[in-house]
$ cat target31.csv   # CSV, C-alpha atoms
chain,number,residue,atom,x,y,z
A,1042,MET,CA,4.7,-18.9,23.8
A,1043,VAL,CA,2.4,-18.7,20.8
A,1044,ARG,CA,3.6,-16.2,18.3
A,1045,CYS,CA,1.4,-13.3,17.3
A,1046,SER,CA,1.6,-14.1,13.6
A,1047,SER,CA,0.4,-17.7,14.1
A,1048,ARG,CA,-3.2,-16.8,13.5
A,1049,ALA,CA,-4.1,-16.2,9.9
A,1050,ASP,CA,-7.9,-15.6,10.1
A,1051,GLU,CA,-7.6,-11.8,10.1
A,1052,PRO,CA,-8.3,-10.4,6.6
A,1053,LEU,CA,-5.4,-8.3,5.3
A,1054,PRO,CA,-7.1,-5.5,3.3
A,1055,GLY,CA,-7.2,-2.2,5.2
A,1056,THR,CA,-4.4,-3.1,7.7
A,1057,ALA,CA,-1.5,-1.1,6.4
A,1058,PRO,CA,-0.4,1.9,8.6
A,1059,TYR,CA,-1.5,5.3,7.5
A,1060,VAL,CA,1.5,7.5,6.6
A,1061,ALA,CA,0.2,10.7,5.0
A,1062,HIS,CA,3.1,12.0,2.9
A,1063,GLY,CA,5.4,9.0,2.4
A,1064,TRP,CA,8.5,7.3,3.6
A,1065,ILE,CA,12.1,8.2,4.1
A,1066,LEU,CA,14.4,5.1,4.3
A,1067,ILE,CA,18.0,5.6,5.7
A,1068,GLU,CA,20.7,3.0,5.6
A,1069,HIS,CA,21.9,2.2,9.1
A,1070,THR,CA,24.0,-0.9,9.4
A,1071,GLY,CA,24.4,-3.1,12.4
A,1072,ALA,CA,21.9,-4.0,15.1
A,1073,TRP,CA,18.7,-2.1,15.8
A,1074,SER,CA,17.3,-1.7,19.3
A,1075,HIS,CA,13.6,-2.3,20.1
A,1076,ASP,CA,12.7,1.1,18.8
A,1077,ILE,CA,15.2,2.8,16.5
A,1078,PHE,CA,14.4,6.1,18.1
A,1079,ASP,CA,14.7,5.0,21.7
A,1080,GLY,CA,18.2,6.4,22.0
A,1081,GLU,CA,20.0,3.1,21.8
A,1082,THR,CA,20.4,2.6,18.1
A,1083,VAL,CA,21.6,6.2,17.6
A,1084,LEU,CA,22.2,9.1,20.1
A,1085,PRO,CA,19.1,10.4,21.9
A,1086,GLU,CA,19.4,13.9,20.5
A,1087,VAL,CA,19.7,12.5,16.9
A,1088,SER,CA,16.7,10.3,17.5
A,1089,ALA,CA,14.6,13.2,18.6
A,1090,ALA,CA,15.7,15.4,15.7
A,1091,LEU,CA,14.9,12.7,13.2
A,1092,LYS,CA,11.4,12.1,14.7
A,1093,ASP,CA,10.7,15.9,14.7
A,1094,TYR,CA,11.9,16.1,11.1
A,1095,ALA,CA,9.6,13.3,9.9
A,1096,ASP,CA,6.6,14.7,11.8
A,1097,THR,CA,7.1,18.1,10.2
A,1098,TYR,CA,6.6,16.6,6.8
A,1099,GLY,CA,4.0,14.0,7.7
A,1100,MET,CA,6.4,11.3,6.7
A,1101,ARG,CA,7.8,8.2,8.4
A,1102,ILE,CA,11.5,7.3,8.8
A,1103,ALA,CA,12.7,3.7,8.8
A,1104,PHE,CA,16.2,2.3,8.8
A,1105,ILE,CA,17.3,-0.1,6.1
A,1106,ARG,CA,20.3,-2.4,5.7
A,1107,ARG,CA,21.6,-4.8,3.1
A,1108,HIS,CA,20.8,-8.5,3.7
A,1109,GLY,CA,23.4,-10.7,5.3
A,1110,ARG,CA,26.9,-9.8,6.4
A,1111,GLN,CA,27.0,-6.7,4.2
A,1112,GLY,CA,24.2,-5.2,6.4
A,1113,HIS,CA,26.5,-5.3,9.4
A,1114,CYS,CA,29.6,-3.7,7.9
A,1115,ALA,CA,30.7,-0.1,8.4
A,1116,ILE,CA,29.9,2.2,5.5
A,1117,GLU,CA,31.2,5.6,4.5
A,1118,ARG,CA,28.0,6.9,3.0
A,1119,ARG,CA,24.4,6.0,3.8
A,1120,ARG,CA,21.9,5.2,1.0
A,1121,ILE,CA,18.7,7.2,1.2
A,1122,TYR,CA,15.4,6.4,-0.4
A,1123,ILE,CA,12.5,8.9,-0.5
A,1124,SER,CA,9.1,7.8,-1.6
A,1125,PRO,CA,6.6,10.7,-1.4
A,1126,SER,CA,2.9,10.1,-1.4
A,1127,LEU,CA,1.9,12.9,-3.7
A,1128,ASP,CA,-0.8,13.3,-6.4
A,1129,GLY,CA,0.3,12.0,-9.8
A,1130,LEU,CA,2.6,9.2,-10.7
A,1131,PRO,CA,4.5,7.9,-7.7
A,1132,GLU,CA,8.3,8.3,-7.8
A,1133,LEU,CA,11.1,6.8,-5.9
A,1134,TRP,CA,14.2,8.9,-5.3
A,1135,THR,CA,17.6,7.9,-4.0
A,1136,GLY,CA,20.7,9.8,-2.8
A,1137,SER,CA,23.3,9.4,0.0
A,1138,ILE,CA,24.5,11.1,3.1
A,1139,VAL,CA,27.4,10.7,5.4
A,1140,HIS,CA,25.9,11.5,8.8
A,1141,LEU,CA,22.3,11.0,9.9
A,1142,ARG,CA,22.0,14.7,10.7
A,1143,ASP,CA,22.7,15.5,7.1
A,1144,ILE,CA,19.1,14.5,6.1
A,1145,LEU,CA,17.7,17.3,8.3
A,1146,ARG,CA,18.8,19.9,5.7
A,1147,TRP,CA,16.7,18.2,3.0
A,1148,ASP,CA,13.2,18.9,1.9
A,1149,PRO,CA,11.9,15.3,1.3
A,1150,LEU,CA,9.0,16.6,-0.8
A,1151,SER,CA,11.6,18.1,-3.3
A,1152,PRO,CA,14.4,15.6,-3.3
A,1153,ALA,CA,15.8,16.6,-6.7
A,1154,LEU,CA,17.0,19.9,-5.1
A,1155,PHE,CA,19.3,17.9,-2.9
A,1156,GLY,CA,21.0,15.8,-5.5
A,1157,CYS,CA,18.6,12.8,-5.4
A,1158,THR,CA,17.8,11.0,-8.6
A,1159,ARG,CA,14.8,8.8,-9.7
A,1160,CYS,CA,15.5,5.1,-9.3
A,1161,ALA,CA,14.0,1.7,-10.0
A,1162,PRO,CA,11.4,0.2,-7.6
A,1163,ILE,CA,12.7,-1.5,-4.5
A,1164,SER,CA,11.1,-3.9,-2.0
A,1165,VAL,CA,11.7,-4.0,1.8
A,1166,VAL,CA,11.0,-6.8,4.3
A,1167,CYS,CA,11.0,-6.3,8.1
A,1168,THR,CA,13.5,-8.4,9.9
A,1169,HIS,CA,13.5,-6.3,13.1
A,1170,GLY,CA,13.7,-9.2,15.6
A,1171,LYS,CA,14.3,-7.0,18.7
A,1172,ARG,CA,10.9,-5.3,18.0
A,1173,ASP,CA,9.1,-8.6,17.6
A,1174,ARG,CA,10.5,-12.1,17.0
A,1175,CYS,CA,7.9,-12.9,14.3
A,1176,CYS,CA,9.7,-10.3,12.1
A,1177,ALA,CA,13.0,-12.1,12.4
A,1178,ILE,CA,11.6,-15.6,12.1
A,1179,ASN,CA,9.3,-14.9,9.2
A,1180,GLY,CA,11.2,-12.1,7.6
A,1181,ARG,CA,14.6,-13.5,7.2
A,1182,PRO,CA,13.7,-16.5,4.9
A,1183,VAL,CA,12.0,-13.9,2.6
A,1184,ALA,CA,15.0,-11.7,2.7
A,1185,ASP,CA,17.3,-14.7,1.9
A,1186,ALA,CA,15.2,-15.8,-1.1
A,1187,LEU,CA,14.8,-12.3,-2.5
A,1188,ASP,CA,18.4,-11.3,-2.0
A,1189,LYS,CA,19.5,-14.4,-4.0
A,1190,TYR,CA,16.9,-13.8,-6.7
A,1191,SER,CA,17.7,-10.1,-6.9
A,1192,ARG,CA,21.5,-10.7,-7.4
A,1193,GLU,CA,20.9,-13.3,-10.0
A,1194,ASN,CA,18.3,-11.4,-12.0
A,1195,TRP,CA,18.7,-7.6,-11.3
A,1196,GLY,CA,22.4,-7.2,-10.7
A,1197,GLU,CA,24.3,-5.7,-7.8
A,1198,GLU,CA,22.3,-2.5,-7.5
A,1199,PRO,CA,20.2,-3.1,-4.4
A,1200,ALA,CA,16.6,-4.0,-5.1
A,1201,ILE,CA,15.8,-5.6,-1.8
A,1202,TRP,CA,16.5,-4.3,1.7
A,1203,GLU,CA,15.9,-5.3,5.3
A,1204,ILE,CA,13.9,-2.7,7.1
A,1205,SER,CA,13.1,-1.8,10.7
A,1206,HIS,CA,9.6,-1.9,12.2
A,1207,ILE,CA,6.9,-0.8,9.7
A,1208,ALA,CA,3.9,-2.0,11.7
A,1209,GLY,CA,2.0,-5.3,11.6
A,1210,HIS,CA,4.0,-8.0,13.5
A,1211,ARG,CA,0.9,-10.2,13.4
A,1212,PHE,CA,1.1,-10.2,9.6
A,1213,ALA,CA,4.8,-11.0,9.5
A,1214,PRO,CA,6.6,-10.9,7.3
A,1215,ALA,CA,5.7,-7.3,6.8
A,1216,PHE,CA,6.7,-6.3,3.3
A,1217,MET,CA,6.5,-3.1,1.2
A,1218,THR,CA,7.1,-2.1,-2.4
A,1219,LEU,CA,8.2,1.4,-3.3
A,1220,PRO,CA,7.2,3.7,-5.0
A,1221,GLY,CA,3.5,3.6,-4.3
A,1222,ASN,CA,4.1,2.3,-0.8
A,1223,TYR,CA,2.0,-0.8,-1.0
A,1224,MET,CA,2.3,-3.0,2.0
A,1225,TYR,CA,1.8,-6.8,2.2
A,1226,GLY,CA,1.6,-9.5,4.9
A,1227,ARG,CA,2.1,-13.3,5.3
A,1228,LEU,CA,4.0,-13.6,2.0
A,1229,THR,CA,6.0,-16.8,1.4
A,1230,PRO,CA,9.4,-16.4,-0.2
A,1231,GLU,CA,8.0,-17.4,-3.5
A,1232,GLU,CA,5.1,-14.9,-3.3
A,1233,ALA,CA,7.5,-12.2,-2.2
A,1234,ILE,CA,9.6,-12.8,-5.3
A,1235,ALA,CA,6.5,-12.5,-7.5
A,1236,VAL,CA,5.4,-9.3,-5.7
A,1237,ALA,CA,8.9,-7.7,-6.0
A,1238,SER,CA,9.1,-8.7,-9.6
A,1239,ALA,CA,5.8,-7.1,-10.4
A,1240,ALA,CA,6.9,-3.9,-8.7
A,1241,ARG,CA,10.1,-3.9,-10.8
A,1242,HIS,CA,7.9,-4.1,-13.9
A,1243,GLY,CA,5.7,-1.2,-12.8
A,1244,TYR,CA,2.6,-2.9,-11.5
A,1245,VAL,CA,1.0,-4.0,-8.1
A,1246,ASP,CA,0.6,-7.6,-7.4
A,1247,LEU,CA,-2.6,-8.1,-5.4
A,1248,THR,CA,-1.5,-11.2,-3.6
A,1249,LYS,CA,-1.9,-10.7,0.2
A,1250,LEU,CA,-2.0,-6.9,-0.2
A,1251,ARG,CA,-2.7,-5.0,3.0
A,1252,GLY,CA,-3.1,-1.6,1.4
A,1253,ARG,CA,-1.4,1.6,0.2
A,1254,THR,CA,0.0,3.5,3.2
A,1255,SER,CA,-1.1,6.9,1.9
A,1256,LEU,CA,-4.7,5.9,2.3
A,1257,ASP,CA,-6.8,5.4,5.5
A,1258,ALA,CA,-8.0,1.9,6.3
A,1259,PRO,CA,-11.4,1.9,4.5
A,1260,ALA,CA,-9.8,3.5,1.4
A,1261,GLN,CA,-7.1,0.8,1.4
A,1262,ALA,CA,-9.8,-1.9,1.4
A,1263,ALA,CA,-11.9,-0.1,-1.2
A,1264,GLU,CA,-9.0,0.3,-3.5
A,1265,LEU,CA,-8.3,-3.4,-3.4
A,1266,VAL,CA,-12.0,-4.2,-4.1
A,1267,VAL,CA,-11.8,-2.2,-7.3
A,1268,ALA,CA,-8.4,-3.5,-8.2
A,1269,GLN,CA,-9.8,-7.0,-8.1
A,1270,ILE,CA,-12.6,-6.0,-10.4
A,1271,LEU,CA,-10.0,-4.6,-12.8
A,1272,ALA,CA,-8.0,-7.8,-12.5
A,1273,ARG,CA,-11.0,-9.9,-13.6
A,1274,GLU,CA,-11.1,-7.6,-16.6
A,1275,ALA,CA,-7.4,-8.4,-17.3
A,1276,GLN,CA,-6.3,-4.8,-16.2
A,1277,LEU,CA,-3.2,-4.5,-14.1
A,1278,LEU,CA,-3.1,-2.1,-11.1
A,1279,THR,CA,-0.2,0.3,-11.4
A,1280,PRO,CA,1.0,2.4,-8.5
A,1281,GLY,CA,-1.3,5.4,-7.9
A,1282,LEU,CA,-3.6,4.4,-10.8
A,1283,LEU,CA,-6.7,4.6,-8.6
A,1284,LYS,CA,-7.8,7.5,-6.5
A,1285,ALA,CA,-9.6,6.3,-3.4
A,1286,THR,CA,-11.1,8.9,-1.0
A,1287,THR,CA,-13.1,8.2,2.2
A,1288,LEU,CA,-16.1,10.5,2.0
A,1289,VAL,CA,-18.0,9.6,5.2
A,1290,LYS,CA,-17.1,7.5,8.2
A,1291,ARG,CA,-19.7,6.8,10.9
A,1292,THR,CA,-20.3,4.6,13.9
A,1293,LEU,CA,-23.3,2.3,13.5
A,1294,PRO,CA,-26.0,2.1,16.2
A,1295,HIS,CA,-25.4,-1.6,16.8
A,1296,GLY,CA,-21.6,-1.2,17.0
A,1297,GLY,CA,-18.8,-1.1,14.5
A,1298,ASP,CA,-18.1,1.5,11.8
A,1299,GLU,CA,-19.3,2.2,8.3
A,1300,ALA,CA,-17.4,4.1,5.6
A,1301,GLU,CA,-18.3,5.4,2.1
A,1302,VAL,CA,-15.3,5.5,-0.2
A,1303,ARG,CA,-15.2,6.8,-3.8
A,1304,VAL,CA,-12.7,5.2,-6.1
A,1305,ILE,CA,-11.9,6.9,-9.4
A,1306,HIS,CA,-10.1,5.4,-12.4
A,1307,PRO,CA,-8.3,7.8,-14.7
A,1308,GLU,CA,-10.4,6.7,-17.7
A,1309,GLY,CA,-13.5,8.1,-15.9
A,1310,ARG,CA,-14.9,5.0,-14.2
A,1311,VAL,CA,-16.2,5.7,-10.7
A,1312,TRP,CA,-17.2,3.3,-7.9
A,1313,ASN,CA,-19.0,4.0,-4.7
A,1314,VAL,CA,-17.8,1.5,-2.1
A,1315,VAL,CA,-19.5,1.0,1.3
A,1316,LEU,CA,-17.6,-1.0,3.9
A,1317,ARG,CA,-18.5,-2.0,7.4
A,1318,THR,CA,-16.3,-3.4,10.2
A,1319,ILE,CA,-16.9,-6.8,11.7
A,1320,GLN,CA,-15.5,-7.8,15.0
A,1321,LEU,CA,-13.0,-10.7,15.2
A,1322,PRO,CA,-11.8,-12.6,18.2
A,1323,SER,CA,-9.4,-10.5,20.3
A,1324,ARG,CA,-5.7,-11.2,19.6
A,1325,PRO,CA,-2.3,-9.8,20.6
A,1326,GLN,CA,-0.8,-7.2,18.3
A,1327,SER,CA,2.7,-8.4,19.1
A,1328,CYS,CA,4.4,-11.4,20.8
A,1329,GLY,CA,3.9,-11.4,24.5
A,1330,ALA,CA,1.3,-8.6,24.5
A,1331,ARG,CA,-2.2,-8.9,25.9
A,1332,PRO,CA,-5.0,-9.6,23.4
A,1333,LYS,CA,-6.9,-6.5,22.1
A,1334,PRO,CA,-10.2,-6.1,20.2
A,1335,CYS,CA,-9.8,-6.7,16.5
A,1336,TRP,CA,-12.0,-5.3,13.7
A,1337,SER,CA,-11.8,-5.9,10.0
A,1338,TRP,CA,-13.2,-3.8,7.1
A,1339,GLN,CA,-15.5,-5.8,4.9
A,1340,LEU,CA,-17.4,-4.9,1.7
A,1341,TYR,CA,-21.0,-4.1,2.3
A,1342,SER,CA,-22.1,-2.7,-1.1
A,1343,LEU,CA,-20.5,-1.7,-4.4
A,1344,HIS,CA,-21.9,0.4,-7.2
A,1345,GLU,CA,-20.2,1.7,-10.4
A,1346,VAL,CA,-21.6,5.1,-11.2
A,1347,SER,CA,-21.3,7.7,-13.9
A,1348,GLU,CA,-19.1,10.6,-12.9
$ encode --input "target31.csv" --output "structure tokens"
Amino acid sequence: MVRCSSRADEPLPGTAPYVAHGWILIEHTGAWSHDIFDGETVLPEVSAALKDYADTYGMRIAFIRRHGRQGHCAIERRRIYISPSLDGLPELWTGSIVHLRDILRWDPLSPALFGCTRCAPISVVCTHGKRDRCCAINGRPVADALDKYSRENWGEEPAIWEISHIAGHRFAPAFMTLPGNYMYGRLTPEEAIAVASAARHGYVDLTKLRGRTSLDAPAQAAELVVAQILAREAQLLTPGLLKATTLVKRTLPHGGDEAEVRVIHPEGRVWNVVLRTIQLPSRPQSCGARPKPCWSWQLYSLHEVSE
């Protein structure tokens, strides 16, 4: 069977999932079932409570574990990471709980009130093989390389975690840096090390970037267009530097969509970015699935304007 990630003709910009208010990552060692909330990984009533909790705050919960044998050992306390998508400088918070239900008492948009502290950036790679085999086949070599690099260069404090499904099997390995919640696809182990290292130093590597999950698809693509302009001017993109807002989205008479996005730089520069979708050959979204129509956001026009 041909794997869903075997095709590499689909452009990456604008393909990250939209998660309005950020991510909650909870350490859960051992095996993960096809869907971590299907009642097999944890009790059905706990699964339902966690899903309702995340929906209430417009956030998404994923499970994480350490790479290798350590990720399958019993633990007394679970590490928690909270990466809110709020206005201002993105921050990553960490804390711990004993039982999964303990998180239900927390307000994830005010993590300091519950004993969380700010922490250094982390990177996560999906290795959720029961969800899609591409995630295991493509994700584990990246996790291997990053775990070794992290221990040699950043010490024992975890900087790289395996993560459950975060969307995008066909772009495996699915990879994300936090804070900022920037998602990547198709990274080689060497590229993943460079991306994670950039995040540790406070900036966003543009290599194979899919988008920032707090933005909708056209805004993700528009942010990358402007980030590439800044890169040519030798300016680095830092998490949350640019504010990208989709102003208008319309369906075109001949088919496809068009979106107008405004991207604002904190120094007062403003770009109006117009993007249009182009149709690509149909393809499966996951291994074994039937092909579905596929569209990609492409730059149509770009103007830097005065605010």
$ closest_residue --input "target31.csv" --among "A:Ala1090, A:Asn1313, A:Glu1308, A:Thr1229" --to "A:Glu1264" --atoms "only C-alpha atoms"
A:Asn1313
$ closest_residue --input "target31.csv" --among "A:Tyr1244, A:Tyr1122, A:Phe1212, A:Tyr1098" --to "A:Pro1325" --atoms "all atoms listed in the file"
A:Phe1212
$ closest_residue --input "target31.csv" --among "A:Pro1199, A:Glu1193, A:Pro1054, A:Ile1138" --to "A:Leu1316" --atoms "all atoms listed in the file"
A:Pro1054
$ closest_residue --input "target31.csv" --among "A:Leu1250, A:Leu1145, A:Val1139, A:Ala1089" --to "A:Arg1120" --atoms "all atoms listed in the file"
A:Val1139
$ closest_residue --input "target31.csv" --among "A:Ala1200, A:Leu1228, A:Leu1084, A:Val1236" --to "A:His1108" --atoms "all atoms listed in the file"
A:Ala1200
$ atom_distance --input "target31.csv" --atom1 "atom CA of A:Leu1293" --atom2 "atom CA of A:Ser1327"
28.7 Å
$ residues_around --input "target31.csv" --residues "A:Arg1118" --least-positions-apart "2" --cutoff "12 Å" --atoms "only C-alpha atoms" --output "list in words"
Ile1067, Glu1068, His1069, Thr1070, Cys1114, Ala1115, Ile1116, Arg1120, Ile1121, Gly1136, Ser1137, Ile1138, Val1139, His1140, Leu1141 and Asp1143 of chain A
$ residues_around --input "target31.csv" --residues "A:Val1245" --least-positions-apart "3" --cutoff "8 Å" --atoms "only C-alpha atoms" --output "number ranges by chain"
A: 1223, 1236, 1239-1240, 1277-1280
$ atom_distance --input "target31.csv" --atom1 "atom CA of A:Gly1309" --atom2 "atom CA of A:Gly1252"
22.4 Å
$ residues_around --input "target31.csv" --residues "A:Pro1131" --least-positions-apart "6" --cutoff "9 Å" --atoms "all atoms listed in the file" --output "compact mmCIF listing (two decimals) with C-alpha atoms, keeping the file's coordinate frame"
# COMPACT_ATOMS: atom_id res chain seq x y z
CA SER A 1124 9.10 7.80 -1.60
CA PRO A 1125 6.60 10.70 -1.40
CA LEU A 1219 8.20 1.40 -3.30
CA PRO A 1220 7.20 3.70 -5.00
CA GLY A 1221 3.50 3.60 -4.30
CA ASN A 1222 4.10 2.30 -0.80
CA PRO A 1280 1.00 2.40 -8.50
CA GLY A 1281 -1.30 5.40 -7.90
$ residues_around --input "target31.csv" --residues "A:Arg1146" --least-positions-apart "3" --cutoff "10 Å" --atoms "only C-alpha atoms" --output "list in words"
Tyr1094, Arg1142, Asp1143, Pro1149 and Phe1155 of chain A
$ write_last_selection --input "target31.csv" --atoms "C-alpha atoms" --output "CSV table (one decimal), keeping the file's coordinate frame"
chain,number,residue,atom,x,y,z
A,1094,TYR,CA,11.9,16.1,11.1
A,1142,ARG,CA,22.0,14.7,10.7
A,1143,ASP,CA,22.7,15.5,7.1
A,1149,PRO,CA,11.9,15.3,1.3
A,1155,PHE,CA,19.3,17.9,-2.9
$ atom_distance --input "target31.csv" --atom1 "atom CA of A:Arg1119" --atom2 "atom CA of A:Val1165"
16.3 Å
$ residues_near_point --input "target31.csv" --point "(-1.0, -2.8, 7.5)" --cutoff "10 Å" --atoms "all atoms listed in the file" --output "NGL selection string"
:A and (1053-1059 or 1207-1212 or 1215-1217 or 1223-1226 or 1250-1254 or 1258 or 1261)
$ residues_around --input "target31.csv" --residues "A:Ser1074" --least-positions-apart "6" --cutoff "8 Å" --atoms "all atoms listed in the file" --output "list in words"
Glu1081, Thr1082, Lys1171 and Arg1172 of chain A
$ closest_residue --input "target31.csv" --among "A:Thr1287, A:Trp1134, A:Ala1213, A:Ile1077" --to "A:Gln1326" --atoms "all atoms listed in the file"
A:Ala1213
$ closest_atom_pairs --input "target31.csv" --of "stretch 1199-1278 of chain A" --to "stretch 1334-1339 of chain A" --cutoff "10 Å" --atoms "only C-alpha atoms" --output "CSV"
residue,atom,partner,partner_atom,distance
A:Ala1258,CA,A:Trp1338,CA,7.8
A:Pro1259,CA,A:Trp1338,CA,6.5
A:Ala1260,CA,A:Trp1338,CA,9.9
A:Gln1261,CA,A:Trp1338,CA,9.5
A:Ala1262,CA,A:Trp1338,CA,6.9
A:Ala1263,CA,A:Gln1339,CA,9.1
A:Val1266,CA,A:Gln1339,CA,9.8
